[in-house]
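Peer 1: The structure's right below; bear with me while I get my questions together.
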Amino acid sequence: MCLAIPARVVEVAENDLAIVDLGGVRKDVSLALVEGVAVGDYVIVHVGYALTRLDPEEAEKTLALMAEAGLMEQALGA
Amino acid sequence: MSASLEGRIDIRLTRQGTALAGVEICSSRPLLAQKLMAGRGPDEAADLAGLIFSLCGKAQRVAAQTACEAARDMEPAPDVRQRRELEVRVELAQEHAWRLLLNWPEQAGRAPDMPSLFKLRQVAAEPARFADALETLLQTVMLGEAPAAWLGREGDGFDTWRQSGATLVAELFAGLGDGPDTGVSHCTLLPALADLDDASVRALARQALDEPSFCAAPIWQGEPAETGAVARKVDHSLLAAWIAGRGRGAGARQLARLLELAELPQHLRAGLESGGRAEVIRAWPLGDNAGMAGVETSRGLLLHVARLKDGKIADYRIVAPTEWNFHPAGPLAQALSGLRTDVGLEAAARLVSQSLDPCVAYGVELLEQ
């Protein structure tokens with residue numbers, strides 16, 4: 001069900017492209033649907049497109065909730 | 001990683017000479033509802049649902065709120081209900097626009113229209129501005145004329161429009177040709193929310209609560225069923241004409257999306273003025289501290305069932321649209337079984353899968369025997 005796992009932006013390139021890090025795995029994503037994304041921000045990604053920008057505080061809250069619900073261990077293959 | 005957590009849908013076609021010998025649909029989508037929600041209070045459950053679902057977060061949050069209210073035999077205040085109806089419709093519109101301006105063009109080898117999608121997202125928090133932006137988008141980018149005029153096209157009017165190539169979307173419809181639709185399904189259509197009767201709803205809720213496998217492969221009155229815009233708009237004259245002439249396939253599903261999108265500015269404005277009739281959200285108190293919510297989303301009917309104990313969630317189930325449409329013997333399986341096998345089988349399989357719009361990544365594999 002399209003889970004909204006925050007991914008950290010590690011590089012912003014030209015043409016609305018960026019690289020995100022999700023639990024140590026890096027992925028290329030498009031930033032065409034969000035604005036004002038900087039390195040260090042978190043984004044919610046769906047099939048290659050960043051859908052929402054989160055500031056680090058919001059992202060940490062989300063990640064903590066997901067961890068509490070036992071999702072992140074599963075997400076990280078633990 | 002996130003893919004393994006979300007799950008994915010793997011579609012495997014087996015071709016034997018010129019015949020399609022096998023169609024397999026394997027979903028690894030996990031059933032997370034019970035694990036996520038059990039032990040939480042209703043407000044906490046709603047916040048969590050809104051937070052963790054990326055594409056339909058508003059619908060999931062509203063469904064959780066509504067199911068828990070129904071379990072407690074409560075009703076929301078009119079202004080709360082109105083706000084929820086608007087939020088659900090705005091989310092639905094964005095998802096429809098995404099299919100028509102991004103996924104479909106990409107599949108057809110055309111450039112997606114990202115600036116238009118971006119403009120819609122910018123005003124998503126303000127339903128009145130969103131309605132205006134959507135109307136402008138429909139008129140200038142998608143239809144090439146006012147939505148009301150387009151919706152009023154009859155007889156050959158739709159074919160004239162698509163053959164005119166006035167817009168990218170018109171060209172995409174023209175690209176489907178004049179023959180039978182691709183990926184036709186004859187599956188029963190799940191009734192629209194407004195047409196669901198209480199006895200059927202109770203049966204659905206009971207199955208969801210009592211049968212662990214039901215939420216992964218739901219059935220309606222003994223059979224798999226198709227849900228989505230095509231089920232909601234099947235009686236619209238343009239769609240009915242398409243289906244009568246070509247069958248209910250990928251083109252019909254895209255047309256249904258476009259019809260709903262074209263009607264949405266008007267529906268949003270009516271919702272803002274009237275306080276909003278309950279059209280995309282319904283609640284059913286089931287007794288014994290249990291309740292069910294139904295919410296219409298872009299992909300189809302989303303159901304949440306909650307049973308509370310001492311104010312906390314004891315049992316929670318989600319029956320999501322993807323599970324209806326990607327049922328191993330459901331609409332997709334039927335649609336794939338009817339594809340021509342001589343040319344373009346994989347591309348057609350992707351077109352059909354996308355028309356049913358799974359909310360997770362999917363892959364198509366063709367095996368030769």
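Identifiers for the structure tokens are assigned positionally: chains receive A, B, ... in sequence, residues are indexed from 1 per chain, and ligands are indexed from 1 in the order shown.
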With a cut-off of 9 Å, could you pull out the residues of range 89-200 of chain B touching range 17-34 of chain A and give me the nearest pair of atoms for each, distance in Å to one decimal, using only C-alpha atoms, ordered by chain and ascending number, as a tab-separated table?

Peer 2:
residue	atom	partner	partner_atom	distance
B:Met114	CA	A:Ala32	CA	6.3
B:Pro115	CA	A:Ala32	CA	7.5
B:Leu117	CA	A:Leu33	CA	7.0
B:Phe118	CA	A:Leu33	CA	4.9
B:Lys119	CA	A:Leu33	CA	8.6
B:Arg121	CA	A:Leu33	CA	7.4
B:Gln122	CA	A:Val34	CA	8.6

Peer 1: Residues of chain B were defined as contacting chain A if any atom lay at most 8 Å from it, counting only C-alpha atoms; please report them as a VMD selection string.

Peer 2: chain B and resid 1 to 2 4 to 6 29 35 to 36 48 51 to 55 114 to 115 117 to 118 121 320 359 to 361

Peer 1: Just the residues within 7 Å of range 259-263 of chain B, please, counting only C-alpha atoms, with nothing from its chain fewer than 5 positions along; format it as a list in words.

Peer 2: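 Non-adjacent residues within range: Ala93, His96, Leu138 and Pro147 of chain B.
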
Peer 1: From a DSSP calculation on the backbone, collect every residue of chain A in strand (DSSP E or B) and output the set as a PyMOL selection string.

Peer 2: chain A and resi 3+6-12+17-22+25-30+42-46+49-54

Peer 1: Only C-alpha atoms, please: the residues just picked out, written as a JSON list (two decimals), in the first residue's frame.

Peer 2:
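This went into result04.json:
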[["chain", "number", "residue", "atom", "x", "y", "z"],
["A", 3, "LEU", "CA", 4.22, 3.13, 2.17],
["A", 6, "PRO", "CA", 11.19, 9.05, 4.22],
["A", 7, "ALA", "CA", 14.37, 8.93, 2.12],
["A", 8, "ARG", "CA", 17.23, 11.36, 2.77],
["A", 9, "VAL", "CA", 18.40, 13.53, -0.10],
["A", 10, "VAL", "CA", 22.16, 13.17, -0.51],
["A", 11, "GLU", "CA", 22.71, 14.93, -3.81],
["A", 12, "VAL", "CA", 20.71, 17.39, -5.91],
["A", 17, "LEU", "CA", 17.09, 15.02, -10.46],
["A", 18, "ALA", "CA", 18.43, 13.89, -7.09],
["A", 19, "ILE", "CA", 19.95, 10.93, -5.31],
["A", 20, "VAL", "CA", 18.32, 9.72, -2.12],
["A", 21, "ASP", "CA", 19.49, 7.32, 0.55],
["A", 22, "LEU", "CA", 17.10, 4.84, 2.09],
["A", 25, "VAL", "CA", 20.71, 2.09, -0.57],
["A", 26, "ARG", "CA", 20.96, 4.97, -3.04],
["A", 27, "LYS", "CA", 18.37, 5.67, -5.68],
["A", 28, "ASP", "CA", 17.86, 8.24, -8.44],
["A", 29, "VAL", "CA", 14.63, 10.20, -8.11],
["A", 30, "SER", "CA", 12.90, 13.03, -9.93],
["A", 42, "TYR", "CA", 13.79, 13.96, 3.39],
["A", 43, "VAL", "CA", 11.33, 13.07, 0.63],
["A", 44, "ILE", "CA", 8.64, 10.46, 0.20],
["A", 45, "VAL", "CA", 9.31, 8.58, -3.03],
["A", 46, "HIS", "CA", 6.98, 6.61, -5.29],
["A", 49, "TYR", "CA", 9.28, 10.48, -8.16],
["A", 50, "ALA", "CA", 9.59, 12.43, -4.93],
["A", 51, "LEU", "CA", 6.01, 13.16, -3.82],
["A", 52, "THR", "CA", 6.46, 15.18, -0.65],
["A", 53, "ARG", "CA", 9.26, 17.06, 1.05],
["A", 54, "LEU", "CA", 9.72, 16.60, 4.80]]

Peer 1: Considering only C-alpha atoms, state which residue in the set B:Trp220, B:Tyr316, B:Trp242, B:Tyr362 is at the smallest distance from Gly155 in chain B.

Peer 2: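 Result for the nearest residue to Gly155 in chain B: B:Trp242.
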
Peer 1: As an exercise, work out the distance from CA of Lys58 in chain B to CA of Glu135 in chain B in Å and give it to one decimal place.

Peer 2: 21.8 Å
